[in-house]
$ cat my_file_27.txt   # compact mmCIF, C-alpha atoms and all ligand atoms
# COMPACT_ATOMS: atom_id res chain seq x y z
CA MET A 9 -8.53 -11.43 -12.03
CA SER A 10 -5.30 -12.91 -10.76
CA GLY A 11 -4.93 -16.63 -10.57
CA GLN A 12 -7.96 -17.33 -12.74
CA MET A 13 -7.28 -18.69 -16.18
CA ASN A 14 -9.27 -17.38 -19.09
CA ILE A 15 -10.85 -20.01 -21.29
CA THR A 16 -10.78 -18.67 -24.82
CA ILE A 17 -12.36 -20.89 -27.46
CA LEU A 18 -12.20 -20.41 -31.22
CA GLY A 19 -15.21 -21.99 -32.94
CA ILE A 20 -15.27 -22.95 -36.62
CA GLU A 21 -18.38 -23.92 -38.61
CA SER A 22 -18.30 -25.19 -42.21
CA SER A 23 -21.00 -27.87 -42.47
CA CYS A 24 -23.02 -26.40 -45.30
CA ASP A 25 -22.89 -23.06 -47.12
CA ASP A 26 -21.73 -20.70 -44.36
CA THR A 27 -18.09 -20.32 -43.38
CA SER A 28 -18.06 -18.96 -39.86
CA ALA A 29 -15.65 -18.35 -36.99
CA ALA A 30 -16.33 -17.07 -33.48
CA VAL A 31 -14.49 -16.43 -30.23
CA ILE A 32 -16.00 -17.16 -26.83
CA GLU A 33 -14.19 -16.26 -23.61
CA ASN A 34 -15.34 -17.70 -20.28
CA GLY A 35 -18.73 -18.42 -21.83
CA TYR A 36 -19.25 -14.95 -23.31
CA LEU A 37 -19.24 -14.14 -27.00
CA LEU A 38 -16.54 -11.77 -28.23
CA SER A 39 -17.00 -12.14 -31.99
CA ASN A 40 -18.94 -14.07 -34.61
CA ARG A 41 -18.05 -13.74 -38.30
CA ILE A 42 -20.02 -15.38 -41.11
CA ALA A 43 -19.21 -15.50 -44.81
CA ASN A 44 -22.39 -16.58 -46.56
CA GLN A 45 -22.01 -18.22 -49.94
CA GLN A 46 -24.07 -16.60 -52.67
CA VAL A 47 -22.88 -18.99 -55.40
CA HIS A 48 -25.71 -21.50 -54.77
CA LYS A 49 -28.67 -19.17 -55.37
CA GLU A 50 -28.93 -19.77 -59.09
CA TYR A 51 -28.74 -23.57 -58.72
CA GLY A 52 -31.81 -23.98 -56.53
CA GLY A 53 -29.83 -25.61 -53.73
CA VAL A 54 -26.36 -25.97 -52.22
CA VAL A 55 -23.83 -27.37 -54.73
CA PRO A 56 -21.39 -29.41 -52.60
CA GLU A 57 -18.28 -28.85 -54.67
CA LEU A 58 -18.85 -25.10 -54.90
CA ALA A 59 -19.43 -25.02 -51.14
CA SER A 60 -16.10 -26.78 -50.43
CA ARG A 61 -14.23 -24.36 -52.66
CA ALA A 62 -15.86 -21.29 -51.10
CA HIS A 63 -15.00 -22.60 -47.61
CA GLN A 64 -11.39 -23.04 -48.72
CA GLN A 65 -11.30 -19.43 -49.93
CA ASN A 66 -13.08 -17.96 -46.92
CA ILE A 67 -11.74 -19.84 -43.95
CA VAL A 68 -8.48 -18.00 -43.29
CA PRO A 69 -9.90 -14.46 -43.63
CA VAL A 70 -12.99 -15.36 -41.58
CA VAL A 71 -10.96 -16.89 -38.74
CA ASP A 72 -8.52 -13.94 -38.74
CA ALA A 73 -11.40 -11.46 -38.68
CA ALA A 74 -13.09 -13.24 -35.76
CA ILE A 75 -9.88 -13.28 -33.70
CA LYS A 76 -9.19 -9.63 -34.50
CA GLU A 77 -12.74 -8.49 -33.73
CA ALA A 78 -12.49 -10.31 -30.38
CA GLY A 79 -9.41 -8.22 -29.58
CA LYS A 80 -7.39 -11.43 -29.28
CA THR A 81 -4.35 -12.97 -30.94
CA ARG A 82 -3.92 -16.56 -32.06
CA ALA A 83 -1.63 -17.10 -29.08
CA SER A 84 -4.45 -16.40 -26.62
CA ILE A 85 -6.65 -19.24 -27.89
CA ASN A 86 -6.92 -22.17 -25.47
CA ALA A 87 -8.88 -24.63 -27.61
CA ILE A 88 -10.36 -24.97 -31.09
CA ALA A 89 -13.90 -26.27 -31.52
CA TYR A 90 -15.05 -27.27 -34.99
CA THR A 91 -18.08 -28.90 -36.59
CA ARG A 92 -17.51 -32.62 -37.10
CA GLY A 93 -20.93 -33.15 -38.72
CA PRO A 94 -23.58 -33.72 -39.85
CA GLY A 95 -23.17 -31.84 -43.11
CA LEU A 96 -21.55 -32.01 -46.53
CA MET A 97 -18.41 -34.12 -46.40
CA GLY A 98 -16.27 -31.81 -48.53
CA ALA A 99 -17.38 -28.77 -46.54
CA LEU A 100 -16.72 -30.51 -43.21
CA LEU A 101 -13.26 -31.58 -44.38
CA VAL A 102 -12.23 -27.97 -45.00
CA GLY A 103 -13.21 -26.83 -41.50
CA SER A 104 -11.91 -29.91 -39.69
CA SER A 105 -8.58 -29.99 -41.51
CA PHE A 106 -8.06 -26.31 -40.86
CA ALA A 107 -8.98 -26.72 -37.17
CA LYS A 108 -6.60 -29.65 -36.80
CA GLY A 109 -3.72 -27.81 -38.46
CA LEU A 110 -4.24 -24.69 -36.36
CA ALA A 111 -4.56 -26.72 -33.14
CA LEU A 112 -1.24 -28.43 -33.93
CA ALA A 113 0.44 -25.14 -34.75
CA LEU A 114 -0.82 -23.46 -31.56
CA ASP A 115 -0.38 -26.61 -29.46
CA VAL A 116 -3.93 -26.40 -28.06
CA PRO A 117 -6.61 -29.09 -27.72
CA LEU A 118 -9.22 -29.81 -30.37
CA ILE A 119 -12.92 -30.19 -29.60
CA ASP A 120 -15.22 -31.86 -32.12
CA VAL A 121 -18.77 -30.52 -32.09
CA ASN A 122 -22.00 -32.05 -33.36
CA HIS A 123 -23.75 -29.34 -35.38
CA LEU A 124 -27.18 -30.29 -33.96
CA HIS A 125 -25.94 -30.19 -30.37
CA ALA A 126 -24.57 -26.73 -31.17
CA HIS A 127 -27.90 -25.50 -32.55
CA ILE A 128 -29.50 -26.51 -29.25
CA LEU A 129 -26.81 -24.83 -27.14
CA SER A 130 -27.22 -21.62 -29.18
CA VAL A 131 -29.68 -20.57 -26.46
CA PHE A 132 -26.64 -20.26 -24.13
CA ILE A 133 -24.91 -17.63 -26.27
CA ALA A 134 -24.59 -14.42 -24.24
CA ARG A 135 -22.38 -11.35 -24.56
CA ASN A 136 -22.09 -10.60 -20.86
CA GLU A 137 -23.64 -11.35 -17.47
CA ASN A 138 -26.69 -9.16 -18.11
CA ASP A 139 -27.37 -11.01 -21.34
CA ARG A 140 -27.95 -14.40 -19.65
CA HIS A 141 -31.48 -15.70 -20.18
CA PHE A 142 -30.85 -19.42 -20.03
CA PRO A 143 -33.25 -22.34 -19.67
CA GLY A 144 -32.94 -24.60 -16.62
CA PHE A 145 -32.40 -28.36 -16.91
CA PRO A 146 -34.05 -30.45 -18.06
CA PHE A 147 -35.41 -28.38 -20.92
CA LEU A 148 -37.15 -29.36 -24.10
CA CYS A 149 -35.79 -28.22 -27.46
CA LEU A 150 -37.62 -28.09 -30.76
CA LEU A 151 -34.73 -28.24 -33.22
CA VAL A 152 -35.80 -27.12 -36.68
CA SER A 153 -33.21 -26.74 -39.43
CA GLY A 154 -32.75 -27.40 -43.11
CA GLY A 155 -31.77 -31.01 -42.53
CA HIS A 156 -33.36 -31.90 -39.18
CA THR A 157 -36.56 -31.62 -37.19
CA GLN A 158 -36.36 -33.09 -33.72
CA LEU A 159 -37.71 -32.84 -30.20
CA VAL A 160 -34.86 -33.22 -27.74
CA VAL A 161 -34.78 -33.35 -23.95
CA MET A 162 -31.59 -31.71 -22.66
CA LYS A 163 -30.55 -33.19 -19.32
CA ASN A 164 -27.50 -30.98 -18.98
CA HIS A 165 -25.24 -29.17 -21.44
CA LEU A 166 -23.75 -32.42 -22.70
CA GLU A 167 -26.45 -35.09 -22.32
CA MET A 168 -29.61 -35.30 -24.37
CA GLU A 169 -32.33 -37.61 -25.56
CA ILE A 170 -34.23 -37.38 -28.85
CA ILE A 171 -37.92 -38.03 -28.16
CA GLY A 172 -39.33 -37.25 -31.60
CA GLN A 173 -38.21 -36.51 -35.14
CA THR A 174 -39.34 -36.19 -38.72
CA ILE A 175 -39.95 -39.39 -40.62
CA ASP A 176 -39.33 -37.65 -43.97
CA ASP A 177 -38.58 -33.98 -44.76
CA ALA A 178 -37.24 -31.48 -42.23
CA ALA A 179 -39.25 -28.31 -41.53
CA GLY A 180 -36.66 -26.17 -43.33
CA GLU A 181 -36.81 -28.51 -46.30
CA ALA A 182 -40.61 -28.10 -46.36
CA PHE A 183 -40.18 -24.31 -46.47
CA ASP A 184 -37.53 -24.51 -49.18
CA LYS A 185 -39.39 -27.04 -51.35
CA CYS A 186 -42.67 -25.10 -51.15
CA ALA A 187 -40.79 -21.92 -52.07
CA LYS A 188 -39.21 -23.72 -55.01
CA VAL A 189 -42.56 -24.80 -56.45
CA MET A 190 -43.62 -21.14 -56.27
CA GLY A 191 -40.51 -20.30 -58.35
CA MET A 192 -38.46 -18.71 -55.56
CA PRO A 193 -34.67 -19.00 -55.29
CA TYR A 194 -32.87 -21.11 -52.66
CA PRO A 195 -33.16 -20.92 -49.71
CA GLY A 196 -36.84 -20.04 -49.87
CA GLY A 197 -37.59 -20.18 -46.14
CA PRO A 198 -36.66 -16.56 -45.40
CA LEU A 199 -38.62 -15.38 -48.49
CA ILE A 200 -41.77 -17.23 -47.42
CA ASP A 201 -41.37 -15.54 -44.03
CA GLN A 202 -41.26 -12.08 -45.69
CA TYR A 203 -44.23 -12.61 -47.99
CA ALA A 204 -46.25 -14.37 -45.29
CA ALA A 205 -46.08 -11.24 -43.15
CA GLN A 206 -48.32 -9.53 -45.73
CA GLY A 207 -50.66 -12.44 -46.36
CA ASN A 208 -53.67 -14.14 -44.80
CA PRO A 209 -52.82 -17.48 -43.15
CA ARG A 210 -56.49 -18.55 -43.41
CA ALA A 211 -56.69 -17.95 -47.17
CA TYR A 212 -56.01 -21.62 -48.00
CA HIS A 213 -56.05 -24.72 -45.89
CA PHE A 214 -53.46 -27.43 -46.37
CA ALA A 215 -54.01 -30.69 -44.52
CA ARG A 216 -51.61 -31.38 -41.63
CA ALA A 217 -50.04 -34.83 -41.45
CA ARG A 218 -51.42 -37.17 -38.80
CA ILE A 219 -48.42 -38.98 -37.39
CA LYS A 220 -48.50 -40.93 -34.16
CA GLY A 221 -46.63 -39.81 -31.05
CA LEU A 222 -43.93 -37.16 -31.22
CA ASP A 223 -42.74 -37.70 -34.77
CA PHE A 224 -43.25 -35.25 -37.63
CA SER A 225 -43.94 -35.58 -41.34
CA PHE A 226 -43.77 -32.82 -43.96
CA SER A 227 -43.54 -34.59 -47.31
CA GLY A 228 -47.33 -34.89 -47.69
CA LEU A 229 -47.77 -31.16 -47.16
CA LYS A 230 -45.24 -30.37 -49.86
CA THR A 231 -46.93 -32.76 -52.30
CA SER A 232 -50.43 -31.44 -51.67
CA PHE A 233 -49.13 -27.89 -52.08
CA LEU A 234 -47.53 -28.84 -55.38
CA TYR A 235 -50.76 -30.43 -56.73
CA PHE A 236 -52.87 -27.54 -55.47
CA LEU A 237 -50.65 -25.03 -57.32
CA ARG A 238 -50.63 -27.17 -60.45
CA ASP A 239 -54.45 -27.28 -60.58
CA LYS A 240 -54.85 -23.57 -59.87
CA SER A 241 -52.13 -22.52 -62.30
CA HIS A 242 -53.74 -24.65 -64.99
CA LEU A 243 -56.86 -22.49 -64.75
CA ASP A 244 -55.03 -19.19 -64.21
CA LYS A 245 -51.37 -18.99 -65.14
CA ASN A 246 -50.87 -15.97 -62.89
CA PHE A 247 -52.33 -17.70 -59.85
CA ILE A 248 -49.06 -17.95 -57.93
CA THR A 249 -47.88 -14.39 -58.51
CA GLU A 250 -51.32 -12.93 -57.78
CA ASN A 251 -51.73 -14.86 -54.53
CA ARG A 252 -48.14 -15.15 -53.39
CA ASN A 253 -48.55 -13.52 -49.98
CA ASP A 254 -51.62 -15.57 -49.05
CA LEU A 255 -50.00 -18.78 -50.31
CA CYS A 256 -46.88 -18.09 -48.24
CA ALA A 257 -48.89 -17.20 -45.13
CA SER A 258 -51.05 -20.33 -45.47
CA ILE A 259 -48.21 -22.78 -46.06
CA GLN A 260 -46.16 -21.21 -43.26
CA ASP A 261 -49.17 -21.53 -40.96
CA ALA A 262 -49.50 -25.22 -41.80
CA ILE A 263 -45.82 -25.89 -41.01
CA ILE A 264 -45.91 -23.90 -37.76
CA ASP A 265 -49.14 -25.56 -36.70
CA SER A 266 -47.65 -29.06 -37.15
CA LEU A 267 -44.59 -28.05 -35.13
CA MET A 268 -46.65 -26.50 -32.31
CA GLN A 269 -48.94 -29.54 -32.07
CA LYS A 270 -46.03 -31.88 -31.40
CA LEU A 271 -44.26 -29.42 -29.14
CA THR A 272 -47.41 -29.11 -27.04
CA ARG A 273 -47.68 -32.87 -26.82
CA ALA A 274 -44.00 -33.23 -25.85
CA ALA A 275 -44.38 -30.59 -23.13
CA ARG A 276 -47.44 -32.40 -21.81
CA ASP A 277 -45.80 -35.85 -21.93
CA THR A 278 -42.58 -34.74 -20.23
CA GLY A 279 -44.05 -32.10 -17.91
CA ILE A 280 -41.19 -29.78 -18.93
CA ARG A 281 -41.98 -26.05 -19.09
CA ASP A 282 -38.64 -24.58 -20.18
CA ILE A 283 -38.77 -24.74 -23.93
CA ALA A 284 -36.11 -23.82 -26.48
CA ILE A 285 -36.59 -23.47 -30.21
CA ALA A 286 -33.41 -23.54 -32.28
CA GLY A 287 -32.07 -24.14 -35.81
CA GLY A 288 -32.47 -22.09 -38.99
CA VAL A 289 -36.27 -22.28 -39.03
CA SER A 290 -36.39 -20.70 -35.56
CA ALA A 291 -35.48 -17.47 -37.40
CA ASN A 292 -39.02 -17.54 -38.81
CA SER A 293 -40.97 -14.58 -37.46
CA GLY A 294 -44.31 -16.42 -37.57
CA LEU A 295 -42.85 -19.34 -35.60
CA ARG A 296 -41.24 -17.03 -33.04
CA GLU A 297 -44.48 -15.14 -32.48
CA THR A 298 -46.69 -18.25 -32.37
CA ALA A 299 -44.35 -20.00 -29.92
CA ARG A 300 -44.27 -16.98 -27.62
CA ARG A 301 -48.06 -16.68 -27.68
CA LEU A 302 -48.52 -20.40 -27.06
CA GLY A 303 -45.89 -20.27 -24.33
CA SER A 304 -47.60 -17.51 -22.42
CA ARG A 305 -50.91 -19.38 -22.66
CA LYS A 306 -49.36 -22.65 -21.46
CA ASN A 307 -47.17 -21.00 -18.85
CA TRP A 308 -43.95 -22.12 -20.52
CA ARG A 309 -40.70 -20.17 -20.53
CA ILE A 310 -39.64 -19.83 -24.18
CA PHE A 311 -35.99 -19.50 -25.28
CA ILE A 312 -35.22 -18.68 -28.91
CA PRO A 313 -31.76 -17.56 -30.09
CA GLU A 314 -31.24 -14.18 -31.74
CA ILE A 315 -31.78 -14.57 -35.48
CA GLN A 316 -28.04 -14.45 -36.27
CA PHE A 317 -27.56 -17.44 -33.92
CA ALA A 318 -30.59 -19.35 -35.23
CA THR A 319 -29.16 -19.98 -38.69
CA ASP A 320 -25.73 -21.57 -39.10
CA ASN A 321 -22.99 -19.76 -37.18
CA ALA A 322 -19.76 -20.48 -35.31
CA ALA A 323 -20.85 -18.84 -32.04
CA MET A 324 -22.93 -21.95 -31.33
CA ILE A 325 -19.93 -24.16 -32.13
CA ALA A 326 -17.74 -22.11 -29.77
CA ILE A 327 -20.28 -22.18 -26.91
CA THR A 328 -20.64 -25.95 -27.29
CA GLY A 329 -16.85 -26.16 -27.35
CA TYR A 330 -16.78 -24.19 -24.11
CA TYR A 331 -19.10 -26.63 -22.32
CA LYS A 332 -17.21 -29.62 -23.73
CA PHE A 333 -13.97 -28.00 -22.54
CA LEU A 334 -15.44 -27.68 -19.03
CA GLY A 335 -16.54 -31.34 -19.24
CA GLY A 336 -13.08 -32.44 -20.42
CA GLN A 337 -14.42 -33.72 -23.74
CA PHE A 338 -11.60 -33.26 -26.23
CA SER A 339 -11.01 -34.94 -29.56
CA SER A 340 -7.98 -36.57 -31.09
CA GLN A 341 -6.22 -35.59 -34.31
CA GLN A 342 -7.35 -38.93 -35.79
CA ILE A 343 -11.07 -38.24 -35.63
CA THR A 344 -12.78 -37.80 -39.03
CA PRO A 345 -15.86 -35.83 -40.15
CA VAL A 346 -19.24 -37.55 -40.23
CA ALA A 347 -21.77 -36.57 -42.91
CA ARG A 348 -24.71 -38.22 -41.14
CA PHE A 349 -25.20 -39.01 -37.49
CA ASN A 350 -27.89 -41.41 -36.33
CA HIS A 351 -27.72 -39.90 -32.88
CA LEU A 352 -26.83 -36.59 -31.27
O1 LIG A 401 -29.82 -24.33 -39.32
P1 LIG A 401 -29.68 -23.90 -40.73
O2 LIG A 401 -29.09 -22.55 -41.01
O3 LIG A 401 -28.85 -24.95 -41.54
C1 LIG A 401 -29.00 -26.32 -41.31
O4 LIG A 401 -28.35 -26.82 -40.34
O5 LIG A 401 -29.81 -26.94 -42.03
O6 LIG A 401 -31.14 -23.99 -41.35
C2 LIG A 401 -31.37 -23.65 -42.68
C3 LIG A 401 -32.86 -23.75 -42.95
C4 LIG A 401 -33.22 -23.57 -44.42
O7 LIG A 401 -34.14 -24.56 -44.77
C5 LIG A 401 -33.85 -22.19 -44.44
O8 LIG A 401 -34.81 -22.02 -45.47
C6 LIG A 401 -34.49 -22.13 -43.09
O9 LIG A 401 -33.55 -22.73 -42.22
N1 LIG A 401 -34.77 -20.75 -42.67
C7 LIG A 401 -36.01 -20.25 -42.55
C8 LIG A 401 -35.86 -18.90 -42.17
N2 LIG A 401 -34.53 -18.63 -42.09
C9 LIG A 401 -33.88 -19.78 -42.40
N3 LIG A 401 -37.21 -20.82 -42.70
C10 LIG A 401 -38.29 -20.07 -42.49
N4 LIG A 401 -38.24 -18.75 -42.15
C11 LIG A 401 -37.05 -18.14 -41.97
N5 LIG A 401 -36.99 -16.85 -41.61
ZN ZN A 402 -27.59 -25.78 -39.02
$ encode --input "my_file_27.txt" --output "C-alpha cells" --more "lines below"
Ligand code: KG4
Ligand code: ZN
Amino acid sequence: MSGQMNITILGIESSCDDTSAAVIENGYLLSNRIANQQVHKEYGGVVPELASRAHQQNIVPVVDAAIKEAGKTRASINAIAYTRGPGLMGALLVGSSFAKGLALALDVPLIDVNHLHAHILSVFIARNENDRHFPGFPFLCLLVSGGHTQLVVMKNHLEMEIIGQTIDDAAGEAFDKCAKVMGMPYPGGPLIDQYAAQGNPRAYHFARARIKGLDFSFSGLKTSFLYFLRDKSHLDKNFITENRNDLCASIQDAIIDSLMQKLTRAARDTGIRDIAIAGGVSANSGLRETARRLGSRKNWRIFIPEIQFATDNAAMIAITGYYKFLGGQFSSQQITPVARFNHL
C-alpha cells in the first residue's frame, strides 16, 4: 500500500528461562522463536546464573532466526520492544542490554515492556485479519503464571487496574510445588496436567482457602497436600506412584476451583462478560476446559491464548510493543530492568 508506513516491531523476552524473539508487523505476528533452557530441570527450579548464561548464548541466534523467519532484515525493524521486568535480574539484563545495543545500532526507538502486561495482551496476538478474536474493553483478565496470580480489569490496551491477587503463592507455584513433593522435575505444572487427564478429580478432596474478596491464597493447599502425602506414604511407600493420576487430577481440580471461584466473583462484581485467561498456567488443559464450560453457562465470552503464547514468549512482548508504539510510549536508553514491580 503506497503512502502507508509499515510498523515492524522486534520483541525480545528474557525474564526467566526462555530466550525468545518475535516479529510483529502492523499488529500481525510474522515469527516467534523460543529457546527453552533445559539446564534447570535437574536442579528443581530455575538457577539464575545458569539462566543468564544461557540467555547470553541464545540471544543472537534466536533474534536472527526470528527476523529471518519473518522474511525481514534488521534494517526493516522500526522499534525494539523488550521485557523490563519482573523477572530475574541477570536474565533481564541480558535481554535489555542486547535490545539497547541493537536499537542504537539500528537507530530505532526502544520500548520497555512489563512482562505481566504482555501476558495479558497475548490475547491480541493474531496472524492475519481472519485470526482476530479479540475481547472488547473493558475486559477482565485472570493472569496466572509462575510468579503471579492476579485479576486485572483492562480499560484499554495500555491502562489497567488490579482488583485481586494472591497473598502468598502464585497458581503456577502451587502446581510446581505440589509436583515437587510428588518427586516430579521442574516445572511440574505441565506434568500434573498430563497425569491429571488420566485421573479422577474427585478421588481426594483438598480444602480450598477461604480468603475475603478477590484475593487468592495457595500456600495452605500446598502444605495440606504435603502433609497428606507424608501420612499416606508413611503407611504405604508406593502411595504416590500408585495414585499419581488421581493425586494430580485432584490437586489440579482444587487449584482450578479456587481460580474459578474468584473469577466468577470478579465478573459478578464488575459486570464484565469479556474474560481473558493468560499466563503460563492458562496452558493447563483442565483450566481451559473448565473456563470454557463456566463461560458458556454464565454467558461470558472467553479468550485464552494459544498454548505457545500462554507460556513465556516474545510474541506477547512484540504485540505489547506495538500498542505502546501506537500510544507513543517509548523508553530511554537510561532505563534499567526491574526485578519486582508493585504495580502493572
Ligand atoms: O508465564 P510463565 O511461562 O512464566 C512466568 O511468567 O512465570 O508461567 C510458568 C508457570 C509455571 O509455574 C508452570 O508450571 C506453569 O506456568 N504451567 C502450567 C502448565 N504449563 C505451564 N501449569 C499447569 N498446567 C500446564 N499445562
Ligand atoms: Zn511469564
$ closest_residue --input "my_file_27.txt" --among "A:Ala89, A:Ala73, A:Ile263, A:Met190" --to "ligand LIG 401 (chain A)" --atoms "all atoms listed in the file"
A:Ile263
$ closest_residue --input "my_file_27.txt" --among "A:Glu33, A:Glu50, A:Asp265, A:Asp72" --to "Ile20 (chain A)" --atoms "all atoms listed in the file"
A:Asp72
$ residues_near_ligand --input "my_file_27.txt" --ligand "ligand LIG 401 (chain A)" --cutoff "6 Å" --atoms "only C-alpha atoms and all ligand atoms" --output "list in words"
Ser153, Gly154, Gly155, Gly180, Glu181, Phe183, Asp184, Pro195, Gly196, Gly197, Pro198, Asp201, Gly287, Gly288, Val289, Ala291, Asn292, Thr319 and Asp320 of chain A
$ closest_residue --input "my_file_27.txt" --among "A:Glu314, A:Gln342, A:Phe142, A:Arg296" --to "Gly109 (chain A)" --atoms "all atoms listed in the file"
A:Gln342
$ closest_residue --input "my_file_27.txt" --among "A:Ala99, A:Ala286, A:Ala275, A:Val116" --to "ligand ZN 402 (chain A)" --atoms "all atoms listed in the file"
A:Ala286
$ residues_around --input "my_file_27.txt" --residues "Gln260 (chain A)" --least-positions-apart "6" --cutoff "12 Å" --atoms "all atoms listed in the file" --output "ChimeraX atom specification"
/A:179-180,182-184,186-187,196-205,207-214,216,226,229-230,233,252-254,266-267,289,292-295,298
$ residues_near_ligand --input "my_file_27.txt" --ligand "ligand ZN 402 (chain A)" --cutoff "12 Å" --atoms "only C-alpha atoms and all ligand atoms" --output "PyMOL selection string"
chain A and resi 21-28+91+93-96+122-130+151-157+178+180+286-291+316-325
$ atom_distance --input "my_file_27.txt" --atom1 "CA of Gly79 (chain A)" --atom2 "CA of Ile67 (chain A)"
18.6 Å
$ closest_residue --input "my_file_27.txt" --among "A:Arg305, A:Arg41, A:Arg273, A:Gly103" --to "Lys76 (chain A)" --atoms "all atoms listed in the file"
A:Arg41
$ closest_residue --input "my_file_27.txt" --among "A:Thr249, A:Gln46, A:Asn34, A:Ser105" --to "Asn136 (chain A)" --atoms "all atoms listed in the file"
A:Asn34
$ atom_distance --input "my_file_27.txt" --atom1 "CA of Thr16 (chain A)" --atom2 "CA of Ile283 (chain A)"
28.7 Å
$ residues_near_point --input "my_file_27.txt" --point "(-33.0, -33.9, -17.7)" --cutoff "7 Å" --atoms "all atoms listed in the file" --output "compact mmCIF listing (two decimals) with C-alpha atoms, keeping the file's coordinate frame"
# COMPACT_ATOMS: atom_id res chain seq x y z
CA PHE A 145 -32.40 -28.36 -16.91
CA PRO A 146 -34.05 -30.45 -18.06
CA PHE A 147 -35.41 -28.38 -20.92
CA VAL A 161 -34.78 -33.35 -23.95
CA MET A 162 -31.59 -31.71 -22.66
CA LYS A 163 -30.55 -33.19 -19.32
CA ASN A 164 -27.50 -30.98 -18.98
$ atom_distance --input "my_file_27.txt" --atom1 "CA of Ile310 (chain A)" --atom2 "CA of Gly35 (chain A)"
21.1 Å
